[in-house]
Amino acid sequence: MKNELIKRFTSYVKVDTQSDESSETCPSTEGQWTLLRMLVDELKSIGMEEVTIDENGYCMATLPSNTEKDVPTIGFLAHVDTATDFTGKGVNPQIHENYDGGEIVLNDALKVIMSPNAFPNLSEYKGHTLITTDGTTLLGADNKAGVTEIMTAMAYLIQHPEIKHGKVRVAFTPDEEIGRGPHKFDVAAFNAKFAYTVDGGPLGELEYESFNAAGAKITIKGTNIHPGSAKNKMVNSAKIAMELNSRLPLFEAPEHTEGYEGFYHLISFNGDVEETKLSYIIRDFDRENFNARKANMTKIVQELQEKYGEDSILLELKDQYYNMREKIEPVKEIVDIAHQAMENLDITPIIKPIRGGTDGSQLSYMGLPTPNIFTGGENFHGKYEFISVDNMVKATQTVVEIAKLFEERA
């Protein structure tokens with residue numbers, strides 16, 4: 001299984017599937033189509049049935065039931081796109097057998113070194129086979145590791161018909177990294193009662209709580225006048241933007257928060273005297289606190305509108321997704337089954353809130369309760385991203401074990 005995982009994963013990550021928020025197509029980039037079509041061919045070649053891909057790039061397939069029991073149909077999902085934070089073009093995965101626990105030279109020429117001093121989590125992987133970047137791109141384990149593990153688990157179940165399971169549906173989806181993953185996902189066509197995203201991080205992660213999330217885009221209009229004659233005439237939009245940001249709570253930002261703490265996050269600031277654009281994400285686990293954060297942002301903008309003119313500041317505030325806990329708790333047995341699957345494999349389950357969102361956040365509100373399980377990756381979205389192949393094996397085994405437990409409990 002280990003070599004099979006390496007072969008699949010290294011082939012997938014070499015396809016540039018970085019999504020693009022500025023694109024209006026679905027998928028947002030052609031590279032996603034390239035990988036999705038590869039996956040369609042592979043699903044057929046391993047023996048999956050009802051393999052489809054729709055006009056929006058949502059790929060689905062079926063592993064038929066091999067039991068006489070009445071087992072609920074379950075699904076496993078992973079997204080094919082990679083993050084916009086760092087380039088995903090020209091990924092050159094590096095394989096490090098039997099990692100010795102020391103520094104890993106990712107790129108000697110560029111002096112890019114991944115050290116346990118900077119990344120203490122590396123110490124947990126001594127003896128593992130690691131896959132890293134070459135120091136110039138992200139790796140794409142988020143979420144091509146999930147794609148790899150689902151594909152490998154389905155191949156394993158097909159090759160081992162003695163393992164009894166109900167009907168299993170799989171889906172590979174586009175544009176999760178730009179928040180659009182489930183926007184055109186056909187829940188009725190997928191036709192599963194429950195599902196799991198295989199989109200987590202380190203070994204044992206099991207998540208069924210996510211942020212409530214909103215995005216705020218703010219445009220500030222100024223008036224540019226020659227600085228030599230600007231008195232009482234110039235309105236500097238960049239300075240107004242700085243004033244706006246200064247009114248937000250200083251320590252309610254990602255770099256100062258953890259656990260169940262929410263935040264305001266300024267993700268871009270672009271402008272000059274004449275016009276400045278700000279983009280924020282607003283996050284909180286508690287719905288009341290989430291609404292209060294949005295109200296606070298609106299209040300700050302309104303106060304600045306009163307000071308500088310109503311038309312000088314425009315706010316576009318949109319909800320993105322909600323805490324999936326509200327939809328999963330009524331069917332908590334799906335979390336319990338994943339928990340038991342991990343324990344059966346001597347994996348210690350780590351139940352914690354997702355400080356972000358997965359496609360499951362939106363899918364759970366679309367009628368498909370979808371918690372999230374680990375892939376084995378770490379340091380996502382940058383050049384220090386890596387994954388343990390040993391833990392990819394365990395993620396694949398977890399998918400298989402979940403399918404077995406649903407059949408056994410039926």
# chains A, B, ... in the order shown; residues from 1 in each chain; ligands from 1

call {"tool": "closest_atom_pairs", "arguments": {"of": "range 265-299 of chain A", "to": "range 227-248 of chain A", "cutoff": "8 Å", "atoms": "only C-alpha atoms", "output": "tab-separated table"}}
result
residue	atom	partner	partner_atom	distance
A:Gly271	CA	A:Ala238	CA	6.2
A:Asp272	CA	A:Ala238	CA	5.6
A:Val273	CA	A:Asn236	CA	4.5
A:Glu274	CA	A:Ser237	CA	5.9
A:Glu275	CA	A:Ser237	CA	5.5
A:Thr276	CA	A:Ala238	CA	5.6
A:Leu278	CA	A:Ala241	CA	7.5
A:Met297	CA	A:Leu248	CA	7.9

call {"tool": "closest_atom_pairs", "arguments": {"of": "range 32-94 of chain A", "to": "range 3-8 of chain A", "cutoff": "12 Å", "atoms": "only C-alpha atoms", "output": "JSON lines"}}
result
{"residue": "A:Leu35", "atom": "CA", "partner": "A:Arg8", "partner_atom": "CA", "distance": 11.6}
{"residue": "A:Met38", "atom": "CA", "partner": "A:Arg8", "partner_atom": "CA", "distance": 11.0}
{"residue": "A:Leu39", "atom": "CA", "partner": "A:Arg8", "partner_atom": "CA", "distance": 10.3}
{"residue": "A:Glu42", "atom": "CA", "partner": "A:Arg8", "partner_atom": "CA", "distance": 10.1}
{"residue": "A:Pro93", "atom": "CA", "partner": "A:Ile6", "partner_atom": "CA", "distance": 10.1}
{"residue": "A:Gln94", "atom": "CA", "partner": "A:Ile6", "partner_atom": "CA", "distance": 10.7}

call {"tool": "closest_atom_pairs", "arguments": {"of": "range 380-407 of chain A", "to": "range 139-149 of chain A", "cutoff": "10 Å", "atoms": "only C-alpha atoms", "output": "CSV"}}
result
residue,atom,partner,partner_atom,distance
A:Phe380,CA,A:Asp142,CA,6.4
A:His381,CA,A:Gly140,CA,7.5
A:Gly382,CA,A:Leu139,CA,7.4
A:Lys383,CA,A:Leu139,CA,7.0
A:Tyr384,CA,A:Leu139,CA,8.2
A:Glu385,CA,A:Leu139,CA,5.8
A:Phe386,CA,A:Leu139,CA,6.8
A:Ile387,CA,A:Ala141,CA,6.9
A:Val389,CA,A:Ala145,CA,9.5
A:Met392,CA,A:Glu149,CA,6.7
A:Val393,CA,A:Glu149,CA,7.7
A:Lys394,CA,A:Glu149,CA,9.2
A:Ala395,CA,A:Glu149,CA,6.6
A:Thr396,CA,A:Glu149,CA,4.9
A:Gln397,CA,A:Glu149,CA,8.6
A:Thr398,CA,A:Glu149,CA,9.5
A:Val399,CA,A:Glu149,CA,8.0
A:Val400,CA,A:Glu149,CA,9.9

call {"tool": "write_last_selection", "arguments": {"atoms": "N, CA, C and O atoms", "output": "mmCIF file, in the first residue's frame"}}
result
data_model
loop_
_atom_site.group_PDB
_atom_site.id
_atom_site.type_symbol
_atom_site.label_atom_id
_atom_site.label_comp_id
_atom_site.auth_asym_id
_atom_site.auth_seq_id
_atom_site.Cartn_x
_atom_site.Cartn_y
_atom_site.Cartn_z
ATOM 1 N N PHE A 380 0.528 23.009 5.868
ATOM 2 C CA PHE A 380 -0.144 23.237 4.587
ATOM 3 C C PHE A 380 0.063 24.661 4.060
ATOM 4 O O PHE A 380 0.258 25.604 4.816
ATOM 5 N N HIS A 381 -0.036 24.785 2.736
ATOM 6 C CA HIS A 381 -0.105 26.055 2.012
ATOM 7 C C HIS A 381 1.229 26.781 1.873
ATOM 8 O O HIS A 381 1.245 27.988 1.616
ATOM 9 N N GLY A 382 2.332 26.098 2.023
ATOM 10 C CA GLY A 382 3.607 26.775 1.875
ATOM 11 C C GLY A 382 4.729 25.812 1.530
ATOM 12 O O GLY A 382 4.537 24.599 1.411
ATOM 13 N N LYS A 383 5.945 26.349 1.404
ATOM 14 C CA LYS A 383 7.080 25.556 0.961
ATOM 15 C C LYS A 383 7.559 24.547 1.996
ATOM 16 O O LYS A 383 8.329 23.634 1.664
ATOM 17 N N TYR A 384 7.110 24.689 3.246
ATOM 18 C CA TYR A 384 7.505 23.745 4.285
ATOM 19 C C TYR A 384 6.454 22.635 4.499
ATOM 20 O O TYR A 384 6.545 21.877 5.463
ATOM 21 N N GLU A 385 5.518 22.564 3.602
ATOM 22 C CA GLU A 385 4.490 21.523 3.685
ATOM 23 C C GLU A 385 5.130 20.143 3.523
ATOM 24 O O GLU A 385 6.023 19.950 2.703
ATOM 25 N N PHE A 386 4.650 19.189 4.313
ATOM 26 C CA PHE A 386 5.135 17.810 4.161
ATOM 27 C C PHE A 386 4.057 16.842 4.598
ATOM 28 O O PHE A 386 3.071 17.214 5.230
ATOM 29 N N ILE A 387 4.260 15.576 4.253
ATOM 30 C CA ILE A 387 3.319 14.541 4.668
ATOM 31 C C ILE A 387 4.073 13.254 4.957
ATOM 32 O O ILE A 387 5.092 12.952 4.316
ATOM 33 N N VAL A 389 4.134 9.353 4.737
ATOM 34 C CA VAL A 389 3.506 8.257 3.988
ATOM 35 C C VAL A 389 2.977 7.206 4.966
ATOM 36 O O VAL A 389 1.931 6.590 4.717
ATOM 37 N N MET A 392 -0.293 8.343 5.880
ATOM 38 C CA MET A 392 -1.215 8.201 4.753
ATOM 39 C C MET A 392 -1.776 6.780 4.713
ATOM 40 O O MET A 392 -2.952 6.574 4.390
ATOM 41 N N VAL A 393 -0.917 5.801 5.026
ATOM 42 C CA VAL A 393 -1.390 4.415 5.119
ATOM 43 C C VAL A 393 -2.484 4.316 6.167
ATOM 44 O O VAL A 393 -3.541 3.700 5.943
ATOM 45 N N LYS A 394 -2.278 4.956 7.313
ATOM 46 C CA LYS A 394 -3.259 4.879 8.394
ATOM 47 C C LYS A 394 -4.548 5.607 8.037
ATOM 48 O O LYS A 394 -5.648 5.168 8.422
ATOM 49 N N ALA A 395 -4.450 6.693 7.288
ATOM 50 C CA ALA A 395 -5.661 7.392 6.839
ATOM 51 C C ALA A 395 -6.457 6.514 5.884
ATOM 52 O O ALA A 395 -7.691 6.427 5.957
ATOM 53 N N THR A 396 -5.741 5.846 4.984
ATOM 54 C CA THR A 396 -6.391 4.928 4.046
ATOM 55 C C THR A 396 -7.073 3.787 4.802
ATOM 56 O O THR A 396 -8.231 3.426 4.508
ATOM 57 N N GLN A 397 -6.395 3.234 5.787
ATOM 58 C CA GLN A 397 -6.979 2.162 6.599
ATOM 59 C C GLN A 397 -8.199 2.651 7.375
ATOM 60 O O GLN A 397 -9.157 1.896 7.580
ATOM 61 N N THR A 398 -8.184 3.917 7.789
ATOM 62 C CA THR A 398 -9.327 4.481 8.513
ATOM 63 C C THR A 398 -10.554 4.545 7.625
ATOM 64 O O THR A 398 -11.673 4.239 8.062
ATOM 65 N N VAL A 399 -10.364 4.944 6.375
ATOM 66 C CA VAL A 399 -11.487 4.964 5.425
ATOM 67 C C VAL A 399 -12.068 3.558 5.272
ATOM 68 O O VAL A 399 -13.301 3.362 5.323
ATOM 69 N N VAL A 400 -11.203 2.577 5.113
ATOM 70 C CA VAL A 400 -11.653 1.185 4.977
ATOM 71 C C VAL A 400 -12.397 0.742 6.243
ATOM 72 O O VAL A 400 -13.469 0.121 6.170
#

call {"tool": "select_by_dssp", "arguments": {"residues": "range 56-252 of chain A", "states": "alpha helix (DSSP H)", "output": "ChimeraX atom specification"}}
result
/A:141-159,187-190,237-246

call {"tool": "atom_distance", "arguments": {"atom1": "CA of Thr375 in chain A", "atom2": "CA of Tyr264 in chain A"}}
result
27.9 Å

call {"tool": "closest_residue", "arguments": {"among": "A:Gly75, A:Phe172, A:Ile95, A:Pro27", "to": "Thr52 in chain A", "atoms": "only C-alpha atoms"}}
result
A:Phe172

call {"tool": "closest_residue", "arguments": {"among": "A:Ala295, A:Val51, A:Ile46, A:Leu110", "to": "Thr136 in chain A", "atoms": "only C-alpha atoms"}}
result
A:Leu110

call {"tool": "closest_residue", "arguments": {"among": "A:Glu378, A:Glu55, A:Glu408, A:Tyr322", "to": "Pro120 in chain A", "atoms": "only C-alpha atoms"}}
result
A:Glu378

call {"tool": "closest_residue", "arguments": {"among": "A:Ile282, A:Ala189, A:Met324, A:Leu315", "to": "Ile300 in chain A", "atoms": "only C-alpha atoms"}}
result
A:Leu315
